[in-house]
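Student: My structure is stored as structure_18.pdb, with PDB, C-alpha atoms, pLDDT in the B column.
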```pdb
ATOM      1  CA  MET B  19     -70.345-183.388  92.828  1.00 80.00           C
ATOM      2  CA  MET B  20     -67.656-184.589  90.401  1.00 83.00           C
ATOM      3  CA  HIS B  21     -65.137-182.261  92.016  1.00 84.00           C
ATOM      4  CA  ILE B  22     -65.812-183.822  95.442  1.00 87.00           C
ATOM      5  CA  LEU B  23     -65.397-187.337  94.015  1.00 88.00           C
ATOM      6  CA  LYS B  24     -62.034-186.403  92.502  1.00 89.00           C
ATOM      7  CA  LEU B  25     -60.878-184.973  95.824  1.00 92.00           C
ATOM      8  CA  TRP B  26     -62.097-188.116  97.597  1.00 92.00           C
ATOM      9  CA  ASP B  27     -60.274-190.374  95.112  1.00 93.00           C
ATOM     10  CA  LYS B  28     -57.062-188.381  95.514  1.00 94.00           C
ATOM     11  CA  ALA B  29     -57.323-188.507  99.298  1.00 95.00           C
ATOM     12  CA  MET B  30     -57.882-192.281  99.185  1.00 96.00           C
ATOM     13  CA  GLU B  31     -54.890-192.771  96.876  1.00 96.00           C
ATOM     14  CA  GLU B  32     -52.702-190.740  99.228  1.00 97.00           C
ATOM     15  CA  GLU B  33     -53.927-192.722 102.228  1.00 97.00           C
ATOM     16  CA  VAL B  34     -53.284-196.052 100.501  1.00 97.00           C
ATOM     17  CA  THR B  35     -49.793-194.894  99.520  1.00 97.00           C
ATOM     18  CA  SER B  36     -49.065-193.768 103.059  1.00 97.00           C
ATOM     19  CA  LEU B  37     -50.327-197.027 104.551  1.00 97.00           C
ATOM     20  CA  SER B  38     -48.349-199.082 102.017  1.00 98.00           C
ATOM     21  CA  GLU B  39     -45.178-197.196 102.903  1.00 97.00           C
ATOM     22  CA  GLY B  40     -45.862-197.822 106.591  1.00 98.00           C
ATOM     23  CA  VAL B  41     -46.356-201.533 105.965  1.00 98.00           C
ATOM     24  CA  ASP B  42     -43.132-201.711 103.949  1.00 98.00           C
ATOM     25  CA  TYR B  43     -41.207-199.895 106.686  1.00 98.00           C
ATOM     26  CA  ASN B  44     -42.560-202.174 109.416  1.00 98.00           C
ATOM     27  CA  ARG B  45     -41.872-205.267 107.292  1.00 98.00           C
ATOM     28  CA  MET B  46     -38.229-204.186 106.974  1.00 98.00           C
ATOM     29  CA  LYS B  47     -38.009-203.650 110.753  1.00 98.00           C
ATOM     30  CA  VAL B  48     -39.433-207.124 111.408  1.00 98.00           C
ATOM     31  CA  GLN B  49     -37.019-208.698 108.922  1.00 98.00           C
ATOM     32  CA  ARG B  50     -34.124-206.921 110.615  1.00 97.00           C
ATOM     33  CA  CYS B  51     -35.254-208.176 114.022  1.00 97.00           C
ATOM     34  CA  GLU B  52     -35.588-211.720 112.678  1.00 97.00           C
ATOM     35  CA  TYR B  53     -32.081-211.493 111.214  1.00 97.00           C
ATOM     36  CA  LEU B  54     -30.634-210.210 114.488  1.00 97.00           C
ATOM     37  CA  THR B  55     -32.417-212.963 116.421  1.00 97.00           C
ATOM     38  CA  GLU B  56     -30.939-215.605 114.128  1.00 97.00           C
ATOM     39  CA  GLU B  57     -27.461-214.111 114.517  1.00 97.00           C
ATOM     40  CA  MET B  58     -27.799-214.046 118.302  1.00 95.00           C
ATOM     41  CA  GLN B  59     -28.927-217.688 118.309  1.00 94.00           C
ATOM     42  CA  LYS B  60     -25.881-218.645 116.234  1.00 94.00           C
ATOM     43  CA  GLU B  61     -23.621-216.767 118.639  1.00 93.00           C
ATOM     44  CA  LEU B  62     -25.250-218.454 121.637  1.00 91.00           C
ATOM     45  CA  LYS B  63     -24.717-221.884 120.083  1.00 90.00           C
ATOM     46  CA  ALA B  64     -21.088-221.002 119.386  1.00 89.00           C
ATOM     47  CA  HIS B  65     -20.547-220.055 123.057  1.00 91.00           C
ATOM     48  CA  ARG B  66     -22.634-222.851 124.580  1.00 89.00           C
ATOM     49  CA  ASP B  67     -19.645-224.769 126.032  1.00 85.00           C
ATOM     50  CA  GLU B  68     -18.181-221.612 127.543  1.00 88.00           C
ATOM     51  CA  ILE B  69     -21.530-220.764 129.135  1.00 84.00           C
ATOM     52  CA  LEU B  70     -21.775-224.286 130.538  1.00 83.00           C
ATOM     53  CA  ASN B  71     -18.278-224.058 132.064  1.00 84.00           C
ATOM     54  CA  VAL B  72     -19.007-220.669 133.625  1.00 84.00           C
ATOM     55  CA  SER B  73     -22.259-221.981 135.080  1.00 80.00           C
ATOM     56  CA  LYS B  74     -20.356-224.871 136.680  1.00 81.00           C
ATOM     57  CA  VAL B  75     -17.961-222.444 138.361  1.00 81.00           C
ATOM     58  CA  VAL B  76     -20.548-219.875 139.404  1.00 81.00           C
ATOM     59  CA  PHE B  77     -23.379-222.163 140.443  1.00 79.00           C
ATOM     60  CA  ARG B  78     -21.307-225.263 141.266  1.00 74.00           C
ATOM     61  CA  SER B  79     -23.756-227.239 139.181  1.00 63.00           C
ATOM     62  CA  PRO B  80     -24.131-227.138 135.429  1.00 59.00           C
ATOM     63  CA  ILE B  81     -26.957-225.393 133.704  1.00 63.00           C
ATOM     64  CA  VAL B  82     -28.240-227.744 131.071  1.00 65.00           C
ATOM     65  CA  PRO B  83     -28.289-225.791 127.812  1.00 63.00           C
ATOM     66  CA  ARG B  84     -31.344-225.917 125.608  1.00 68.00           C
ATOM     67  CA  LYS B  85     -30.840-227.040 122.061  1.00 61.00           C
TER      68      LYS B  85
END
```
With the file now loaded, output its structure as structure tokens.

Tutor:
Amino acid sequence: MMHILKLWDKAMEEEVTSLSEGVDYNRMKVQRCEYLTEEMQKELKAHRDEILNVSKVVFRSPIVPRK
């Protein structure tokens, strides 16, 4: 019986380690996506006037940019 408990404990430790690594990996992916989203928002704000001018030419009426 003790042998089975040791095997069970080892299997649980391995599973917890695997799940923790998966969580860490996914956390890094989410952080990267959040960073990229922030960078894209900064770029959009930087090009807002250009986008507005192009919309005036293309659509003959301005698109009101969101802030």

Student: Using atom CA of B:Glu33 and atom CA of B:Val48 as the two end points, give the distance in Å to one decimal.

Tutor: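 Taking atom CA of B:Glu33 as the start and atom CA of B:Val48 as the end point, the length is 22.4 Å.
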
Student: What is the distance, in Å and to one decimal place, between atom CA of B:Met19 and atom CA of B:Glu31?

Tutor: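 We find that atom CA of B:Met19 and atom CA of B:Glu31 lie 18.5 Å from each other.
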
Student: Would you work out the distance separating atom CA of B:Val34 from atom CA of B:His21, expressed in Å to one decimal?

Tutor: 20.1 Å
